[in-house]
$ cat coords.txt   # compact mmCIF, C-alpha atoms
# COMPACT_ATOMS: atom_id res chain seq x y z
CA MET A 1 0.00 0.00 0.00
CA ASN A 2 1.28 3.36 -0.83
CA PRO A 3 0.99 6.29 1.63
CA GLU A 4 -1.59 8.19 -0.43
CA GLU A 5 -3.94 5.25 -0.40
CA SER A 6 -3.53 4.79 3.34
CA ASN A 7 -4.22 8.52 3.94
CA TYR A 8 -7.32 8.25 1.74
CA LYS A 9 -8.62 5.27 3.75
CA LYS A 10 -7.96 7.11 7.03
CA ALA A 11 -9.80 10.20 5.78
CA LEU A 12 -12.70 8.08 4.54
CA LEU A 13 -12.86 6.20 7.86
CA LEU A 14 -12.82 9.55 9.72
CA LYS A 15 -15.67 10.94 7.55
CA VAL A 16 -17.77 7.78 8.01
CA GLY A 17 -17.17 7.92 11.76
CA ILE A 18 -18.22 11.58 12.00
CA VAL A 19 -21.35 10.93 9.91
CA PHE A 20 -22.23 7.95 12.14
CA ILE A 21 -21.80 10.03 15.32
CA VAL A 22 -23.93 12.89 13.88
CA ILE A 23 -26.68 10.45 12.88
CA ALA A 24 -26.61 8.85 16.35
CA ILE A 25 -26.91 12.27 18.01
CA ILE A 26 -29.84 13.25 15.76
CA VAL A 27 -31.66 9.96 16.44
CA LEU A 28 -31.22 10.33 20.20
CA TRP A 29 -32.32 13.98 20.02
CA LEU A 30 -35.48 13.07 18.07
CA ALA A 31 -36.30 10.26 20.51
CA ASN A 32 -36.03 12.70 23.42
CA LEU A 33 -37.89 15.44 21.54
CA GLN A 34 -41.02 13.28 21.27
CA ASN A 35 -41.28 13.15 25.08
CA VAL A 36 -40.73 16.89 25.35
CA PHE A 37 -43.64 17.64 23.00
CA GLU A 38 -45.96 15.27 24.86
CA SER A 39 -45.26 16.89 28.24
CA ARG A 40 -45.57 20.42 26.81
CA GLN A 41 -48.91 19.55 25.17
CA ALA A 42 -50.31 18.42 28.52
CA GLN A 43 -49.02 21.57 30.23
CA SER A 44 -50.45 23.74 27.46
CA ASP A 45 -53.88 22.08 27.69
CA ASN A 46 -53.96 22.60 31.48
CA LEU A 47 -52.88 26.22 31.13
CA LEU A 48 -55.52 26.98 28.48
CA LYS A 49 -58.24 25.36 30.61
CA LYS A 50 -57.18 27.39 33.66
CA ILE A 51 -57.13 30.64 31.65
CA SER A 52 -60.54 29.87 30.18
CA ASP A 53 -61.99 29.16 33.62
CA ASP A 54 -60.52 32.39 35.02
CA ILE A 55 -61.96 34.46 32.17
CA ASP A 56 -65.38 32.84 32.53
CA LYS A 57 -65.39 33.50 36.28
CA SER A 58 -64.34 37.14 35.78
CA LEU A 59 -67.01 37.72 33.14
CA LYS A 60 -69.68 36.16 35.35
CA ASP A 61 -68.64 38.32 38.34
CA THR A 62 -68.62 41.45 36.17
CA ASN A 63 -72.00 40.60 34.67
CA ASP A 64 -73.53 40.01 38.12
CA SER A 65 -72.20 43.29 39.50
CA LEU A 66 -73.38 45.20 36.42
CA ASN A 67 -76.86 43.69 36.71
CA GLU A 68 -77.07 44.80 40.35
CA LYS A 69 -75.90 48.35 39.56
CA THR A 70 -78.09 48.62 36.46
CA SER A 71 -81.25 47.56 38.23
CA THR A 72 -80.78 50.11 41.04
CA THR A 73 -79.60 52.85 38.69
CA SER A 74 -82.34 52.29 36.12
CA ASN A 75 -85.04 52.36 38.80
CA ALA A 76 -83.71 55.66 40.16
CA PHE A 77 -83.40 57.05 36.63
CA VAL A 78 -86.96 56.03 35.72
CA GLU A 79 -88.33 57.57 38.91
CA LYS A 80 -86.53 60.88 38.26
CA LEU A 81 -87.74 60.87 34.68
CA MET A 82 -91.34 60.22 35.71
CA ASN A 83 -91.17 63.02 38.30
CA LYS A 84 -89.87 65.49 35.72
CA ALA A 85 -92.44 64.40 33.15
CA SER A 86 -95.32 64.82 35.58
CA SER A 87 -94.09 68.25 36.70
CA THR A 88 -93.82 69.74 33.21
CA VAL A 89 -96.82 71.47 31.73
CA ALA A 90 -98.03 70.37 28.32
CA SER A 91 -97.41 72.90 25.59
CA THR A 92 -100.44 74.55 24.01
CA THR A 93 -98.68 75.19 20.70
CA ALA A 94 -99.69 72.80 17.98
CA THR A 95 -96.97 70.51 16.72
CA SER A 96 -97.54 71.55 13.13
CA THR A 97 -96.80 75.18 14.03
CA VAL A 98 -93.61 74.16 15.80
CA ALA A 99 -92.58 72.04 12.83
CA VAL A 100 -93.14 74.94 10.41
CA GLU A 101 -91.15 77.36 12.58
CA LEU A 102 -88.36 74.84 13.00
CA LYS A 103 -88.24 74.23 9.25
CA LYS A 104 -87.99 77.98 8.54
CA GLU A 105 -85.20 78.38 11.06
CA LEU A 106 -83.23 75.43 9.71
CA THR A 107 -83.55 76.55 6.09
CA GLY A 108 -82.32 80.00 7.13
CA LEU A 109 -79.29 78.44 8.82
CA ILE A 110 -78.56 76.25 5.83
CA LYS A 111 -78.70 79.23 3.48
CA LYS A 112 -76.36 81.22 5.71
CA GLU A 113 -73.83 78.41 5.93
CA THR A 114 -73.82 77.50 2.23
CA SER A 115 -73.70 81.02 0.88
CA THR A 116 -70.22 82.47 0.47
CA PRO A 117 -69.41 86.00 -0.54
CA GLU A 118 -69.13 86.21 -4.31
CA LYS A 119 -66.37 88.83 -4.34
CA SER A 120 -64.02 87.15 -1.91
CA SER A 121 -60.27 87.08 -2.32
CA CYS A 122 -60.11 84.02 -0.08
CA PRO A 123 -59.17 80.73 -1.75
CA GLU A 124 -61.62 77.83 -1.46
CA TYR A 125 -58.92 75.51 -0.15
CA ILE A 126 -55.21 75.36 0.57
CA ASN A 127 -53.34 72.28 -0.67
CA CYS A 128 -51.25 70.89 2.19
CA GLN A 129 -50.42 67.55 0.56
CA PRO A 130 -46.85 66.42 1.28
CA THR A 131 -44.58 66.64 -1.74
CA ILE A 132 -41.01 65.85 -2.62
CA GLY A 133 -38.86 68.85 -1.98
CA GLY A 134 -39.74 71.86 0.13
CA ALA A 135 -42.75 72.00 2.39
CA ARG A 136 -45.78 74.04 1.34
CA PRO A 137 -47.05 76.81 3.61
CA CYS A 138 -50.37 75.70 5.10
CA VAL A 139 -51.53 78.99 6.57
CA VAL A 140 -55.06 80.29 6.11
CA PRO A 141 -55.04 84.00 5.22
CA ALA A 142 -56.37 86.39 7.85
CA GLY A 143 -60.13 86.85 7.58
CA CYS A 144 -60.60 83.65 5.57
CA GLU A 145 -60.87 81.24 8.52
CA LYS A 146 -64.51 80.34 7.86
CA ILE A 147 -64.21 80.24 4.07
CA THR A 148 -60.88 78.55 3.28
CA GLN A 149 -60.47 74.84 3.97
CA ILE A 150 -57.20 72.96 4.35
CA ALA A 151 -56.82 69.86 2.16
CA TYR A 152 -54.48 67.19 3.51
$ encode --input "coords.txt" --output "structure tokens"
Amino acid sequence: MNPEESNYKKALLLKVGIVFIVIAIIVLWLANLQNVFESRQAQSDNLLKKISDDIDKSLKDTNDSLNEKTSTTSNAFVEKLMNKASSTVASTTATSTVAVELKKELTGLIKKETSTPEKSSCPEYINCQPTIGGARPCVVPAGCEKITQIAY
């Protein structure tokens, strides 16, 4: 046998030995890992059941306390409301008259809000959209606060 062939056999034997050791470690690790998952599954199931029971108990306690408070509060509220309703005097104005007056007032308000001065130097809106480069000034001119809107 020449020395190169003996070195080759030694290197091959070393590689086979390392591969065998790695495979043995992986097999042992997988065998142990199965037990780890089984114990963690049982712990996880117990933990989830405990959390679920705690949440159910808390919700039940909260619901019971709210029902007690609501029943006492609603009774007091209803009594106050009935006292106020019985103490107020019925209005003699017809509902149709009130509806007509209310309609006139609302249409007047709508006309005031929608009408803008025709000869206004105020812009309708100011564009404040972000752009590449310098920032735009987003300042409403003086006197145009109620007319000019800012667009983002």
$ atom_distance --input "coords.txt" --atom1 "atom CA of Glu124 of chain A" --atom2 "atom CA of Gln149 of chain A"
6.3 Å
$ atom_distance --input "coords.txt" --atom1 "atom CA of Met82 of chain A" --atom2 "atom CA of Glu68 of chain A"
21.5 Å
$ atom_distance --input "coords.txt" --atom1 "atom CA of Cys128 of chain A" --atom2 "atom CA of Thr148 of chain A"
12.4 Å
